[in-house]
Each structure stands twice: as C-alpha cells, then as structure tokens.
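> This is the content of final24.cif (mmCIF, C-alpha atoms):
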data_coords
loop_
_atom_site.label_atom_id
_atom_site.label_comp_id
_atom_site.auth_asym_id
_atom_site.auth_seq_id
_atom_site.Cartn_x
_atom_site.Cartn_y
_atom_site.Cartn_z
CA MET A 275 0.00 0.00 0.00
CA ILE A 276 1.01 3.59 -0.45
CA LEU A 277 0.86 5.59 2.74
CA TRP A 278 -0.30 8.91 1.32
CA PHE A 279 -3.06 7.21 -0.63
CA THR A 280 -4.17 5.44 2.54
CA TYR A 281 -4.36 8.81 4.26
CA ILE A 282 -6.55 10.17 1.46
CA LEU A 283 -8.86 7.15 1.55
CA VAL A 284 -9.19 7.18 5.34
CA ALA A 285 -9.81 10.93 5.27
CA ILE A 286 -12.59 10.63 2.67
CA ALA A 287 -14.16 7.72 4.53
CA ALA A 288 -13.88 9.17 8.03
CA LEU A 289 -14.79 12.79 7.28
CA GLY A 290 -17.42 11.81 4.74
CA GLY A 291 -18.82 9.27 7.18
CA VAL A 292 -19.10 11.79 10.01
CA LEU A 293 -20.64 14.32 7.63
CA CYS A 294 -23.28 11.82 6.45
CA VAL A 295 -24.16 10.77 10.00
CA VAL A 296 -24.50 14.42 11.05
CA LEU A 297 -26.57 15.31 7.96
CA GLY A 298 -28.77 12.28 8.57
CA LEU A 299 -29.33 13.04 12.23
CA ALA A 300 -30.12 16.62 11.22
CA GLY A 301 -32.96 15.19 9.14
CA ARG A 302 -31.47 15.42 5.66
CA ARG A 303 -32.46 12.86 3.08
CA PRO A 304 -29.83 11.38 0.76
CA SER A 305 -28.54 14.05 -1.59
CA ASP A 306 -26.01 14.33 -4.39
CA LEU A 307 -23.50 15.23 -1.71
CA SER A 308 -23.98 12.19 0.52
CA VAL A 309 -24.33 9.69 -2.31
CA GLY A 310 -21.41 11.40 -4.05
CA ILE A 311 -19.17 10.87 -1.02
CA LEU A 312 -19.89 7.15 -1.14
CA GLY A 313 -19.26 7.14 -4.89
CA LEU A 314 -15.94 8.91 -4.43
CA LEU A 315 -15.00 6.46 -1.70
CA GLU A 316 -15.83 3.54 -3.97
CA LEU A 317 -13.63 4.96 -6.74
CA GLY A 318 -10.81 5.30 -4.22
CA LEU A 319 -11.25 1.70 -3.11
CA ILE A 320 -11.14 0.46 -6.69
CA ALA A 321 -7.93 2.44 -7.16
CA GLN A 322 -6.66 0.74 -4.02
CA VAL A 323 -7.39 -2.64 -5.57
CA VAL A 324 -5.27 -1.70 -8.59
CA ILE A 325 -2.49 -0.39 -6.35
CA SER A 326 -2.56 -3.58 -4.28
CA ILE A 327 -2.18 -5.74 -7.36
CA ILE A 328 0.72 -3.71 -8.77
CA ALA A 329 2.57 -2.84 -5.55
CA PRO A 330 4.17 -6.26 -4.87
CA PHE A 331 5.63 -6.27 -8.40
CA ALA A 332 6.94 -2.74 -7.92
CA GLY A 333 9.07 -3.63 -4.93
CA ASN A 334 6.46 -2.90 -2.26
CA PRO A 335 5.39 -6.31 -0.95
CA PRO A 336 3.13 -6.72 2.07
CA THR A 337 4.81 -7.74 5.31
CA GLY A 338 1.66 -9.32 6.74
CA SER A 339 -0.86 -11.88 5.59
CA LEU A 340 -1.85 -11.30 1.99
CA LEU A 341 -4.99 -13.39 2.45
CA GLU A 342 -6.16 -11.30 5.41
CA PHE A 343 -5.39 -8.12 3.48
CA TRP A 344 -7.49 -9.16 0.50
CA VAL A 345 -10.40 -10.29 2.65
CA TYR A 346 -10.47 -6.80 4.15
CA LEU A 347 -10.10 -5.10 0.78
CA VAL A 348 -12.79 -7.12 -1.00
CA THR A 349 -15.18 -6.56 1.92
CA ALA A 350 -14.42 -2.83 1.93
CA VAL A 351 -15.08 -2.59 -1.82
CA LEU A 352 -18.47 -4.28 -1.40
CA ILE A 353 -19.68 -2.17 1.53
CA PRO A 354 -20.37 1.25 -0.13
CA PRO A 355 -22.54 -0.07 -3.01
CA ALA A 356 -24.41 -2.40 -0.68
CA ALA A 357 -24.99 0.43 1.79
CA VAL A 358 -26.23 2.80 -0.93
CA VAL A 359 -28.68 0.19 -2.26
CA TRP A 360 -29.95 -0.58 1.25
CA ALA A 361 -30.14 3.12 2.08
CA LEU A 362 -32.07 4.11 -1.04
CA LEU A 363 -34.72 1.37 -0.74
CA GLU A 364 -36.42 3.91 1.45
CA ARG A 365 -35.38 7.53 1.26
CA SER A 366 -35.42 8.99 4.73
CA ARG A 367 -33.01 10.67 7.10
CA TRP A 368 -31.92 7.22 8.22
CA SER A 369 -30.72 6.44 4.71
CA THR A 370 -28.12 9.17 5.12
CA VAL A 371 -27.09 7.81 8.52
CA ILE A 372 -26.71 4.33 7.00
CA MET A 373 -24.31 5.63 4.34
CA GLY A 374 -22.34 7.48 6.99
CA ILE A 375 -21.92 4.40 9.16
CA ALA A 376 -20.83 2.36 6.15
CA ALA A 377 -18.19 4.97 5.29
CA LEU A 378 -16.91 4.96 8.88
CA ALA A 379 -16.60 1.17 8.77
CA VAL A 380 -14.59 1.46 5.56
CA ALA A 381 -12.29 3.99 7.25
CA VAL A 382 -11.50 1.50 10.01
CA MET A 383 -10.96 -1.30 7.51
CA VAL A 384 -8.60 0.71 5.28
CA TRP A 385 -6.52 1.67 8.27
CA ARG A 386 -6.41 -1.96 9.36
CA MET A 387 -5.27 -2.90 5.82
CA GLN A 388 -2.40 -0.42 6.05
CA VAL A 389 -1.35 -2.01 9.35
CA ILE A 390 -1.46 -5.52 7.86
CA TRP A 391 0.62 -4.37 4.90
CA THR A 392 3.34 -2.55 6.82
CA VAL A 393 3.48 -3.34 10.55
CA GLN A 394 3.90 -6.78 12.00
CA GLY A 395 3.27 -6.84 15.71
CA SER A 396 2.49 -10.38 16.76
CA MET B 287 -49.71 -11.85 21.65
CA THR B 288 -50.07 -8.15 22.33
CA SER B 289 -50.91 -5.86 19.45
CA PRO B 290 -48.48 -2.94 19.34
CA GLU B 291 -49.50 0.69 18.91
CA ASN B 292 -53.04 0.32 17.66
CA ALA B 293 -54.19 -1.64 20.67
CA GLY B 294 -56.97 0.85 21.27
CA THR B 295 -58.56 0.57 17.83
CA SER B 296 -60.76 -2.36 16.95
CA PRO B 297 -59.43 -4.83 14.33
CA GLU B 298 -62.18 -3.92 11.83
CA THR B 299 -61.11 -0.29 11.45
CA THR B 300 -57.61 -1.22 10.32
CA GLY B 301 -59.01 -2.35 6.97
CA SER B 302 -59.58 1.27 6.00
CA THR B 303 -55.89 2.23 6.10
CA PRO B 304 -54.53 2.20 2.53
CA GLU B 305 -51.17 0.45 3.09
CA LYS B 306 -52.59 -2.29 5.27
CA PRO B 307 -52.45 -5.10 2.66
CA ARG B 308 -48.74 -4.49 1.97
CA ARG B 309 -46.28 -6.50 3.98
CA ARG B 310 -44.50 -4.33 6.46
CA ARG B 311 -40.94 -3.57 5.47
CA MET B 312 -38.14 -2.43 7.66
CA THR B 313 -38.31 1.30 8.16
CA GLY B 314 -36.61 4.03 10.09
CA VAL B 315 -33.95 3.41 12.69
CA GLY B 316 -34.31 -0.34 12.29
CA ARG B 317 -32.58 -0.04 8.93
CA VAL B 318 -29.57 1.55 10.60
CA LEU B 319 -29.50 -1.35 13.03
CA VAL B 320 -29.47 -3.77 10.10
CA ILE B 321 -26.50 -2.11 8.39
CA VAL B 322 -24.48 -2.21 11.61
CA TYR B 323 -25.38 -5.88 12.04
CA ALA B 324 -24.48 -6.58 8.42
CA ILE B 325 -21.08 -4.92 8.67
CA LEU B 326 -20.30 -6.76 11.89
CA ALA B 327 -21.46 -10.04 10.33
CA VAL B 328 -19.28 -9.59 7.26
CA GLY B 329 -16.33 -8.47 9.37
CA ALA B 330 -16.61 -11.41 11.75
CA PHE B 331 -17.05 -13.82 8.84
CA GLY B 332 -14.00 -12.56 6.96
CA ARG B 333 -11.86 -12.59 10.04
CA SER B 334 -12.79 -16.10 11.11
CA LEU B 335 -12.27 -17.32 7.54
CA VAL B 336 -8.71 -16.01 7.61
CA GLN B 337 -8.05 -17.36 11.09
CA ILE B 338 -9.27 -20.83 10.22
CA ILE B 339 -7.48 -21.06 6.88
CA GLU B 340 -4.18 -19.73 8.17
CA ARG B 341 -3.72 -20.98 11.70
CA PHE B 342 -6.59 -23.02 13.07
CA ASP B 343 -4.22 -25.18 15.15
CA LYS B 344 -3.04 -22.25 17.23
CA ALA B 345 -6.33 -21.52 18.93
CA PRO B 346 -9.03 -24.02 17.95
CA LEU B 347 -11.51 -22.90 20.62
CA ALA B 348 -11.21 -19.20 19.85
CA PHE B 349 -11.44 -19.74 16.09
CA THR B 350 -14.37 -22.12 16.29
CA LEU B 351 -16.17 -19.53 18.37
CA SER B 352 -15.28 -16.85 15.82
CA ALA B 353 -16.80 -18.90 13.03
CA LEU B 354 -19.89 -19.72 15.08
CA SER B 355 -20.42 -16.09 16.04
CA ALA B 356 -19.98 -15.04 12.41
CA VAL B 357 -22.71 -17.42 11.28
CA VAL B 358 -25.00 -16.26 14.08
CA TYR B 359 -24.47 -12.61 13.14
CA ILE B 360 -25.30 -13.37 9.51
CA VAL B 361 -28.51 -15.20 10.48
CA ALA B 362 -29.42 -12.43 12.92
CA THR B 363 -29.01 -9.80 10.20
CA LEU B 364 -31.33 -11.69 7.86
CA ALA B 365 -33.78 -12.36 10.67
CA LEU B 366 -33.97 -8.64 11.48
CA VAL B 367 -34.65 -7.80 7.83
CA PHE B 368 -37.49 -10.31 7.64
CA ALA B 369 -38.66 -9.87 11.24
CA GLY B 370 -42.08 -8.90 9.91
CA SER B 371 -42.82 -12.59 9.57
CA LYS B 372 -43.49 -14.76 12.56
CA ILE B 373 -40.80 -17.38 12.02
CA TRP B 374 -38.02 -14.90 11.32
CA TYR B 375 -39.10 -12.90 14.34
CA ARG B 376 -38.45 -15.96 16.49
CA VAL B 377 -35.14 -16.61 14.75
CA ALA B 378 -34.17 -13.02 15.47
CA TRP B 379 -34.89 -13.48 19.17
CA VAL B 380 -32.91 -16.71 19.36
CA THR B 381 -29.86 -15.42 17.51
CA ILE B 382 -29.79 -12.08 19.32
CA SER B 383 -30.13 -13.79 22.69
CA PHE B 384 -27.27 -16.08 21.69
CA GLU B 385 -25.14 -13.06 20.86
CA MET B 386 -25.91 -11.41 24.16
CA ALA B 387 -25.00 -14.58 26.04
CA GLY B 388 -21.88 -14.96 23.91
CA VAL B 389 -20.53 -11.50 24.47
CA LEU B 390 -21.23 -11.65 28.20
CA VAL B 391 -19.90 -15.17 28.82
CA ILE B 392 -16.91 -15.06 26.48
CA GLY B 393 -16.18 -11.48 27.45
CA THR B 394 -16.05 -12.47 31.11
CA LEU B 395 -14.03 -15.63 30.41
CA SER B 396 -11.49 -13.68 28.37
CA VAL B 397 -10.95 -11.43 31.37
CA ILE B 398 -10.71 -14.07 34.13
CA ARG B 399 -9.24 -16.97 32.09
CA PRO B 400 -7.26 -15.32 29.27
CA GLU B 401 -5.24 -18.51 28.62
CA LEU B 402 -8.36 -20.06 27.07
CA PHE B 403 -8.23 -17.50 24.28
CA PRO B 404 -4.69 -17.01 23.01
CA GLU B 405 -6.14 -15.21 19.99
CA ALA B 406 -8.98 -12.74 19.91
CA THR B 407 -12.59 -13.55 19.09
CA VAL B 408 -15.29 -11.04 18.28
CA TRP B 409 -16.43 -11.29 21.87
CA SER B 410 -13.07 -11.07 23.65
CA PHE B 411 -13.05 -8.34 26.29
CA TYR B 412 -16.71 -7.63 25.53
CA GLY B 413 -16.00 -6.84 21.89
CA MET B 414 -13.29 -4.27 22.54
CA GLY B 415 -11.65 -5.00 19.18
CA TYR B 416 -14.88 -3.92 17.52
CA VAL B 417 -15.31 -0.75 19.58
CA PHE B 418 -17.74 -2.60 21.91
CA VAL B 419 -20.30 -2.75 19.12
CA PRO B 420 -20.92 -6.49 19.83
CA LEU B 421 -21.82 -5.59 23.43
CA VAL B 422 -24.26 -2.80 22.56
CA LEU B 423 -25.88 -4.37 19.52
CA PRO B 424 -27.87 -7.22 21.17
CA PHE B 425 -29.53 -4.75 23.53
CA LEU B 426 -30.51 -2.48 20.63
CA GLY B 427 -31.68 -5.50 18.65
CA MET B 428 -33.91 -6.72 21.48
CA TRP B 429 -35.27 -3.23 22.02
CA TRP B 430 -36.21 -3.06 18.35
CA LEU B 431 -37.83 -6.50 18.42
CA VAL B 432 -39.89 -5.63 21.48
CA LYS B 433 -41.04 -2.43 19.77
CA HIS B 434 -41.88 -4.15 16.48
CA PRO B 435 -43.69 -7.46 16.92
CA PRO B 436 -44.57 -9.14 13.60
CA LEU B 437 -47.75 -7.81 11.98
CA ASP B 438 -48.89 -11.19 10.66
CA ASP B 439 -48.50 -12.60 14.10
CA GLY B 440 -50.54 -9.83 15.66
CA ALA B 441 -53.41 -10.30 13.20
CA ARG B 442 -53.35 -14.06 13.44
CA SER B 443 -53.11 -14.20 17.20
CA THR B 444 -56.12 -11.92 17.61
CA ASP B 445 -58.02 -14.30 15.31
CA VAL B 446 -56.91 -17.24 17.36
CA ALA B 447 -57.76 -15.41 20.56
CA GLY B 448 -61.19 -14.66 19.14
CA THR B 449 -61.81 -18.27 18.23
CA VAL B 450 -60.60 -19.50 21.54
CA ALA B 451 -62.68 -16.95 23.44
CA ARG B 452 -65.74 -17.71 21.26
#
Transcribe the structure of this file into structure tokens.

Amino acid sequence: MILWFTYILVAIAALGGVLCVVLGLAGRRPSDLSVGILGLLELGLIAQVVISIIAPFAGNPPTGSLLEFWVYLVTAVLIPPAAVVWALLERSRWSTVIMGIAALAVAVMVWRMQVIWTVQGS
Amino acid sequence: MTSPENAGTSPETTGSTPEKPRRRRMTGVGRVLVIVYAILAVGAFGRSLVQIIERFDKAPLAFTLSALSAVVYIVATLALVFAGSKIWYRVAWVTISFEMAGVLVIGTLSVIRPELFPEATVWSFYGMGYVFVPLVLPFLGMWWLVKHPPLDDGARSTDVAGTVAR
C-alpha cells in the first residue's frame, strides 16, 4: 500500500462518514453530496485494488498476511454499493445515517489494511 | 400476543388504512441497526475465515467460536430484515439472545481466564476489538424486536384469541 493514498482514503471515509451521519441526524435525506461521497469512496477503493495488485511487483510487498489483506479489501469494496442500495430502498433521514456508518466502517478497515501491509506486531 | 400501537382501535377499522395489505418492510432506525449488524457479520465472517485457513491449530476454541459467532451474526441480520414474519421474528430473538449470552460469557471468560483464548474472538473483552459494538448491539436489537412485533402474528393471534374466546 502507499501511505499517502491510505491517508486520502481514510480521510474521505472518516470525514465523509461523520458528515453523512450528522446530515442524517439533522434530518437530511440522501442528496447528491452524501451519495457522491460514497461514490468517491468507492472509486478510491477500486484504485486501491489496482495499487494492491501492482505494488508487490513494484518492490512494495506486504509484510503481513496477503490473504487477510485481501479479505479486508474485498469486503471494503463491497460495503459502499451495498450500503447505498440498502439506504435508497427507502429515502429517509436514516438512509443518510446508513451511508455514513458504512463509510466509517470502511475507514477503520482501510486503516487496518495499512497495518497488515506494513506493521507486524504479533 | 399483544398488538403494538393500535391496541386501542378495533381490528375492523384497520381495513380502512390504505397500506394495510402491503407486507410491512423495515423502516426508520431499524434499517440503521441492520446495516451495523451486516457490517459486523461480514467483518466477523471474513476474520474467522482467515483465522481458520491460516492458523486453526493455534487456537481451535477461539477460532471455532469466531466462526460460530460469524454465522449467528449473519442469520441475525437476515432475521432482522425479515422480522415482519413470525418465524423470522423468532429466529431473530434466538440469535440475538445467543449473541448477548456470547458477548457476556466469552467477554467475562477472556478477562478471568485469558489462557483459554490465546487469539482474539469477536467477543473477547466484551468486543473491545470492535469498539464494543458487539456488546451494545444485542440490547438495541432486542429493544427493536420488542417495539416491532410481527404484523402477521398480531393479526393471526387476535383471530386465534377470538376463536378461543368464542
């Protein structure tokens, strides 16, 4: 993984997630902004997939379990679209909260992926 | 057994409400609960998959529990989505009760007998690795179930009650 790209992804996911949760709790329905954040996040995750395929061949191999890394990454890629579909089945303030929580979960997972790739504790 | 909000109105008047024939879908906060359950279920599933494939021998008890909890979370998520039906409502109660027992028992065991769990499960230290979400979630799930008994069940049980009462 590339550290600065991880920072960007985590920032989009975490800040976007908090924003969506706040907007939702404030009573806002899903808008171009909130759905757009999830779309942007998904694009970033797809870019991360490409990076993760190329990186080992470019002299940046993972130090941790590759299997665990990919389980996290595949799950993270699936979460935003699934959350958007589930959220938009019924458009209410809670739809926005749902997208926010999904983005926050992705933030945690991306950070965990960075740790698996670079730091080996146990 | 008890009809929820409209306990005061007689069963006949409910026929006049337009959306009555439609099956009740999950609405409102319940949908947020489902997404949290779903993310936890997928996370627990992925993690236990990795643990079992890579190093099952190291901590068989912990990893078996991880897998079991993952399956229970998945079933609980589905049960919450379909909790409008009577059977799924029961399944939801069973799985969510199991989760509550799991997080309390395993959480306590991991504190007083840590040697039993050399590697973490979802429930270790009351779900600390998952920001205590596994500890909070069963309570929220039960609260939601209590608030939203299945509609079919309500209608049918009043019928049954009527027949029995005669």
> Can I get the residues of chain B within 10 Å of chain A, each with the closest pair of atoms and their distance in Å to one decimal, using only C-alpha atoms, sorted chain first then ascending number, as CSV?

residue,atom,partner,partner_atom,distance
B:Arg311,CA,A:Glu364,CA,9.6
B:Met312,CA,A:Glu364,CA,9.0
B:Thr313,CA,A:Glu364,CA,7.4
B:Gly314,CA,A:Trp368,CA,6.0
B:Val315,CA,A:Trp368,CA,6.2
B:Gly316,CA,A:Trp368,CA,8.9
B:Arg317,CA,A:Trp368,CA,7.3
B:Val318,CA,A:Ile372,CA,5.4
B:Leu319,CA,A:Ile372,CA,8.7
B:Val320,CA,A:Ile372,CA,9.1
B:Ile321,CA,A:Ile372,CA,6.6
B:Val322,CA,A:Ile375,CA,7.5
B:Ala324,CA,A:Ile353,CA,9.5
B:Ile325,CA,A:Ala379,CA,7.6
B:Leu326,CA,A:Ala379,CA,9.3
B:Val328,CA,A:Thr349,CA,7.4
B:Gly329,CA,A:Thr349,CA,7.8
B:Phe331,CA,A:Val345,CA,9.7
B:Gly332,CA,A:Val345,CA,6.1
B:Arg333,CA,A:Glu342,CA,7.5
B:Ser334,CA,A:Glu342,CA,10.0
B:Leu335,CA,A:Val345,CA,8.8
B:Val336,CA,A:Glu342,CA,5.8
B:Gln337,CA,A:Glu342,CA,8.5
B:Ile339,CA,A:Leu341,CA,9.2
B:Glu340,CA,A:Leu341,CA,8.6
B:Tyr416,CA,A:Val382,CA,9.9
> In Å, rounded to a single decimal, give me how far atom CA of Val393 of chain A is from atom CA of Val324 of chain A.
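We find that atom CA of Val324 of chain A and atom CA of Val393 of chain A lie 21.1 Å from each other.
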> When you count all atoms listed in the file, which of these residues is closest to Leu421 of chain B: B:Ile398, B:Leu437, B:Ile382, B:Val357?
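Ranking B:Ile398, B:Leu437, B:Ile382, B:Val357 by distance to Leu421 of chain B, first place goes to B:Ile382.
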> What's the separation between atom CA of Ile390 of chain A and atom CA of Leu340 of chain A, in Å to one decimal place?
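Between these atoms lies a distance of 8.2 Å.
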> At what distance in Å, to one decimal, does atom CA of Leu347 of chain A lie from atom CA of Phe403 of chain B?
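Atom CA of Phe403 of chain B sits 26.6 Å away from atom CA of Leu347 of chain A.
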> So that I can check the surroundings of segment 309-318 of chain A, please list as a PyMOL selection string every protein, DNA and RNA residue that reaches within 9 Å of it, counting all atoms listed in the file and ignoring chain neighbours fewer than 4 positions away.
chain A and resi 279+282-283+286-287+290-291+294+304-305+322-323+350-355+357-358+370+373-374+376-377+380
> Could you give me, as a PyMOL selection string, the residues within 12 Å of Thr407 of chain B, counting only C-alpha atoms and dropping anything in the same chain fewer than 4 positions from it?
chain B and resi 329-331+333-334+337-338+345-356+388-389+392-393+395-396+400+402-403+411-416+420
> Suppose we keep C-alpha atoms; can you now write the selection as a compact mmCIF listing (two decimals), keeping the file's coordinate frame?

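Saved file selection00.txt follows:
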# COMPACT_ATOMS: atom_id res chain seq x y z
CA GLY B 329 -16.33 -8.47 9.37
CA ALA B 330 -16.61 -11.41 11.75
CA PHE B 331 -17.05 -13.82 8.84
CA ARG B 333 -11.86 -12.59 10.04
CA SER B 334 -12.79 -16.10 11.11
CA GLN B 337 -8.05 -17.36 11.09
CA ILE B 338 -9.27 -20.83 10.22
CA ALA B 345 -6.33 -21.52 18.93
CA PRO B 346 -9.03 -24.02 17.95
CA LEU B 347 -11.51 -22.90 20.62
CA ALA B 348 -11.21 -19.20 19.85
CA PHE B 349 -11.44 -19.74 16.09
CA THR B 350 -14.37 -22.12 16.29
CA LEU B 351 -16.17 -19.53 18.37
CA SER B 352 -15.28 -16.85 15.82
CA ALA B 353 -16.80 -18.90 13.03
CA LEU B 354 -19.89 -19.72 15.08
CA SER B 355 -20.42 -16.09 16.04
CA ALA B 356 -19.98 -15.04 12.41
CA GLY B 388 -21.88 -14.96 23.91
CA VAL B 389 -20.53 -11.50 24.47
CA ILE B 392 -16.91 -15.06 26.48
CA GLY B 393 -16.18 -11.48 27.45
CA LEU B 395 -14.03 -15.63 30.41
CA SER B 396 -11.49 -13.68 28.37
CA PRO B 400 -7.26 -15.32 29.27
CA LEU B 402 -8.36 -20.06 27.07
CA PHE B 403 -8.23 -17.50 24.28
CA PHE B 411 -13.05 -8.34 26.29
CA TYR B 412 -16.71 -7.63 25.53
CA GLY B 413 -16.00 -6.84 21.89
CA MET B 414 -13.29 -4.27 22.54
CA GLY B 415 -11.65 -5.00 19.18
CA TYR B 416 -14.88 -3.92 17.52
CA PRO B 420 -20.92 -6.49 19.83
> Given only C-alpha atoms as the basis, pick out the residue of A:Leu293, A:Val284, A:Ile320, A:Ala332 nearest to Leu307 of chain A.
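Ranking A:Leu293, A:Val284, A:Ile320, A:Ala332 by distance to Leu307 of chain A, first place goes to A:Leu293.
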> Could you give me, as a ChimeraX atom specification, the residues that sit within 12 Å of (7.2, -8.8, 1.9) in the file's coordinates, counting all atoms listed in the file?
/A:275,329-340,390-394
> Find the residues around Tyr359 of chain B up to 7 Å (only C-alpha atoms counted), leave out those fewer than 4 positions away in its own chain, and share them as a list in words.
Tyr323, Ala327, Ser355 and Thr363 of chain B
> Let me have the centre and edge lengths in Å, one decimal, of the box along x, y and z around every listed atom of segment 343-358 of chain A with 8 Å of margin on each side, as AutoDock Vina command-line options.

--center_x -15.8 --center_y -3.7 --center_z 0.6 --size_x 36.8 --size_y 29.1 --size_z 23.2
> For Ile328 of chain A, which residue out of A:Ala288, A:Val359, A:Ile276, A:Leu378 is the nearest one, using all atoms listed in the file?
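Checking each candidate against Ile328 of chain A, we get A:Ile276 as the closest.
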